[in-house]
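Below is model13.cif, holding mmCIF, C-alpha atoms.
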data_start
loop_
_atom_site.group_PDB
_atom_site.id
_atom_site.type_symbol
_atom_site.label_atom_id
_atom_site.label_comp_id
_atom_site.auth_asym_id
_atom_site.auth_seq_id
_atom_site.Cartn_x
_atom_site.Cartn_y
_atom_site.Cartn_z
ATOM 1 C CA MET A 1 20.896 -17.685 -49.509
ATOM 2 C CA THR A 2 24.678 -17.762 -49.210
ATOM 3 C CA GLN A 3 26.297 -19.447 -46.233
ATOM 4 C CA ILE A 4 28.545 -17.288 -44.085
ATOM 5 C CA ALA A 5 32.094 -18.599 -44.088
ATOM 6 C CA THR A 6 33.246 -19.853 -40.709
ATOM 7 C CA PRO A 7 36.839 -20.388 -39.682
ATOM 8 C CA SER A 8 38.319 -23.737 -40.633
ATOM 9 C CA THR A 9 37.901 -26.497 -38.093
ATOM 10 C CA ARG A 10 41.695 -26.685 -38.139
ATOM 11 C CA GLU A 11 41.859 -23.159 -36.782
ATOM 12 C CA SER A 12 42.010 -22.738 -33.055
ATOM 13 C CA CYS A 13 39.274 -20.946 -31.185
ATOM 14 C CA SER A 14 41.913 -18.838 -29.472
ATOM 15 C CA SER A 15 41.400 -16.013 -31.981
ATOM 16 C CA GLU A 16 37.641 -16.144 -31.383
ATOM 17 C CA ALA A 17 37.923 -16.465 -27.607
ATOM 18 C CA GLU A 18 38.201 -12.707 -27.138
ATOM 19 C CA ASN A 19 34.572 -12.317 -28.155
ATOM 20 C CA TRP A 20 31.260 -13.920 -27.593
ATOM 21 C CA TRP A 21 29.415 -14.740 -30.800
ATOM 22 C CA VAL A 22 25.719 -14.624 -31.566
ATOM 23 C CA TYR A 23 24.891 -16.846 -34.511
ATOM 24 C CA MET A 24 22.046 -18.181 -36.595
ATOM 25 C CA LEU A 25 22.032 -21.637 -38.128
ATOM 26 C CA ARG A 26 19.921 -22.963 -40.968
ATOM 27 C CA CYS A 27 18.843 -26.488 -40.145
ATOM 28 C CA ALA A 28 18.161 -29.240 -42.683
ATOM 29 C CA ASP A 29 14.424 -28.635 -42.282
ATOM 30 C CA ARG A 30 15.009 -24.941 -43.207
ATOM 31 C CA SER A 31 14.266 -23.744 -39.667
ATOM 32 C CA ILE A 32 16.552 -21.175 -38.044
ATOM 33 C CA TYR A 33 18.297 -21.722 -34.711
ATOM 34 C CA VAL A 34 19.810 -18.830 -32.724
ATOM 35 C CA GLY A 35 22.580 -19.292 -30.176
ATOM 36 C CA VAL A 36 25.648 -17.822 -28.462
ATOM 37 C CA THR A 37 29.150 -19.201 -28.001
ATOM 38 C CA ARG A 38 32.779 -18.269 -27.425
ATOM 39 C CA CYS A 39 33.988 -20.697 -30.121
ATOM 40 C CA LEU A 40 31.840 -20.879 -33.228
ATOM 41 C CA VAL A 41 33.909 -23.641 -34.855
ATOM 42 C CA ARG A 42 33.509 -25.954 -31.866
ATOM 43 C CA ARG A 43 29.853 -25.108 -31.403
ATOM 44 C CA LEU A 44 29.023 -25.801 -35.056
ATOM 45 C CA ARG A 45 30.766 -29.178 -34.771
ATOM 46 C CA GLN A 46 28.682 -29.906 -31.671
ATOM 47 C CA HIS A 47 25.450 -28.960 -33.428
ATOM 48 C CA ASN A 48 26.369 -31.265 -36.321
ATOM 49 C CA GLY A 49 27.159 -34.203 -34.029
ATOM 50 C CA GLU A 50 30.912 -34.272 -34.652
ATOM 51 C CA LEU A 51 31.590 -33.432 -30.990
ATOM 52 C CA ALA A 52 29.579 -34.101 -27.849
ATOM 53 C CA GLY A 53 27.113 -31.374 -26.971
ATOM 54 C CA GLY A 54 24.941 -29.293 -29.207
ATOM 55 C CA ALA A 55 21.361 -28.258 -28.726
ATOM 56 C CA LYS A 56 18.571 -30.798 -28.519
ATOM 57 C CA TYR A 57 16.747 -28.735 -31.155
ATOM 58 C CA THR A 58 19.454 -29.262 -33.787
ATOM 59 C CA ARG A 59 20.003 -32.988 -33.139
ATOM 60 C CA GLY A 60 17.057 -34.011 -35.289
ATOM 61 C CA ARG A 61 17.620 -31.271 -37.858
ATOM 62 C CA ARG A 62 21.154 -31.981 -39.076
ATOM 63 C CA PRO A 63 23.123 -30.918 -40.918
ATOM 64 C CA VAL A 64 23.149 -27.287 -39.862
ATOM 65 C CA GLU A 65 25.095 -24.405 -41.370
ATOM 66 C CA VAL A 66 26.005 -20.956 -40.098
ATOM 67 C CA ILE A 67 24.083 -18.316 -42.024
ATOM 68 C CA TRP A 68 24.762 -15.296 -39.790
ATOM 69 C CA ARG A 69 27.132 -14.370 -36.993
ATOM 70 C CA ARG A 70 28.034 -11.276 -35.044
ATOM 71 C CA PRO A 71 30.575 -10.693 -32.256
ATOM 72 C CA ALA A 72 29.481 -9.359 -28.879
ATOM 73 C CA ALA A 73 31.676 -7.712 -26.262
ATOM 74 C CA SER A 74 30.355 -9.733 -23.338
ATOM 75 C CA ARG A 75 28.222 -12.728 -22.489
ATOM 76 C CA GLY A 76 25.433 -10.418 -21.349
ATOM 77 C CA ASP A 77 25.500 -8.503 -24.631
ATOM 78 C CA ALA A 78 25.441 -11.773 -26.577
ATOM 79 C CA GLN A 79 22.529 -13.164 -24.584
ATOM 80 C CA SER A 80 20.604 -9.920 -24.926
ATOM 81 C CA LEU A 81 20.996 -9.940 -28.716
ATOM 82 C CA GLU A 82 20.131 -13.651 -28.815
ATOM 83 C CA ALA A 83 16.887 -12.970 -26.912
ATOM 84 C CA GLN A 84 15.973 -10.177 -29.327
ATOM 85 C CA LEU A 85 16.639 -12.380 -32.356
ATOM 86 C CA ARG A 86 14.608 -15.271 -30.968
ATOM 87 C CA LYS A 87 11.577 -12.976 -30.745
ATOM 88 C CA LEU A 88 11.752 -12.181 -34.470
ATOM 89 C CA SER A 89 9.668 -14.103 -36.950
ATOM 90 C CA LYS A 90 11.492 -16.348 -39.395
ATOM 91 C CA GLN A 91 10.724 -13.846 -42.144
ATOM 92 C CA ASP A 92 12.258 -11.000 -40.120
ATOM 93 C CA LYS A 93 15.364 -13.100 -39.361
ATOM 94 C CA LEU A 94 15.792 -13.793 -43.084
ATOM 95 C CA LYS A 95 15.408 -10.067 -43.849
ATOM 96 C CA LEU A 96 18.086 -9.245 -41.279
ATOM 97 C CA ILE A 97 20.422 -11.846 -42.758
ATOM 98 C CA ALA A 98 19.844 -10.586 -46.314
ATOM 99 C CA ARG A 99 20.371 -6.971 -45.270
ATOM 100 C CA ASP A 100 23.584 -7.813 -43.428
ATOM 101 C CA LEU A 101 24.897 -9.887 -46.362
ATOM 102 C CA GLU A 102 24.265 -6.966 -48.715
ATOM 103 C CA SER A 103 26.047 -4.540 -46.414
ATOM 104 C CA GLY A 104 28.848 -6.997 -45.617
ATOM 105 C CA SER A 105 28.201 -6.879 -41.863
ATOM 106 C CA ALA A 106 26.834 -10.389 -41.304
ATOM 107 C CA HIS A 107 30.103 -11.494 -39.769
ATOM 108 C CA ASP A 108 32.017 -8.354 -38.801
#
Render the structure in this file as structure tokens.
Amino acid sequence: MTQIATPSTRESCSSEAENWWVYMLRCADRSIYVGVTRCLVRRLRQHNGELAGGAKYTRGRRPVEVIWRRPAASRGDAQSLEAQLRKLSKQDKLKLIARDLESGSAHD
């Protein structure tokens, strides 16, 4: 599966800060982690141990890579979508990712 390109770590999060992001990460053990953030670049660096923070779940499963992301208009919208995604089976998450990659909407 192809990794979704994320903004360069040199880029500021100011352009992302207008939106909340819902994202899925593929961990080194091939598991999928779902989360929300205002700055995907910073959050990915946290998950990979480059910056303080990051989820306990990803600490033992590094490195992680972004495989899907979608903007949300508000924190509530982002958390609602995150909750829906967490309920999906791994197989259903992978189907969603594949479908969105084919349609080009995995990171719109």
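Picked by the PyMOL selection byres ((chain A and resi 78) around 12) from the coordinates shown: Asn19, Trp20, Trp21, Val22, Tyr23, Val34, Gly35, Val36, Thr37, Arg38, Arg69, Arg70, Pro71, Ala72, Ala73, Ser74, Arg75, Gly76, Asp77, Gln79, Ser80, Leu81, Glu82, Ala83, Gln84 and Leu85 of chain A.
Using only C-alpha atoms, the shortest contact distance between Ser31 of chain A and any of A:Arg43, A:Cys13, A:Ser89, A:Glu50 is found at A:Ser89.
Here the PyMOL selection byres ((chain A and resi 25) around 10) matches the residues A:Gln3, A:Ile4, A:Tyr23, A:Met24, A:Arg26, A:Cys27, A:Ala28, A:Arg30, A:Ser31, A:Ile32, A:Tyr33, A:Val34, A:Gly35, A:Leu44, A:His47, A:Thr58, A:Pro63, A:Val64, A:Glu65, A:Val66, A:Ile67, A:Trp68, A:Arg69.
Between atom CA of Lys90 of chain A and atom CA of Tyr57 of chain A lies a distance of 15.8 Å.
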Just how far from atom CA of Arg61 of chain A is atom CA of Asn48 of chain A, in Å to one decimal?
8.9 Å
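Rounded to one decimal, atom CA of Gly104 of chain A and atom CA of Glu18 of chain A lie 21.5 Å from each other.
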Where's the centre, and what are the edge lengths in Å to one decimal, of a box along x, y and z enclosing all listed atoms of segment 24-36 of chain A padded 3 Å per side, as AutoDock Vina command-line options?
--center_x 20.0 --center_y -23.5 --center_z -35.8 --size_x 17.4 --size_y 17.4 --size_z 20.7
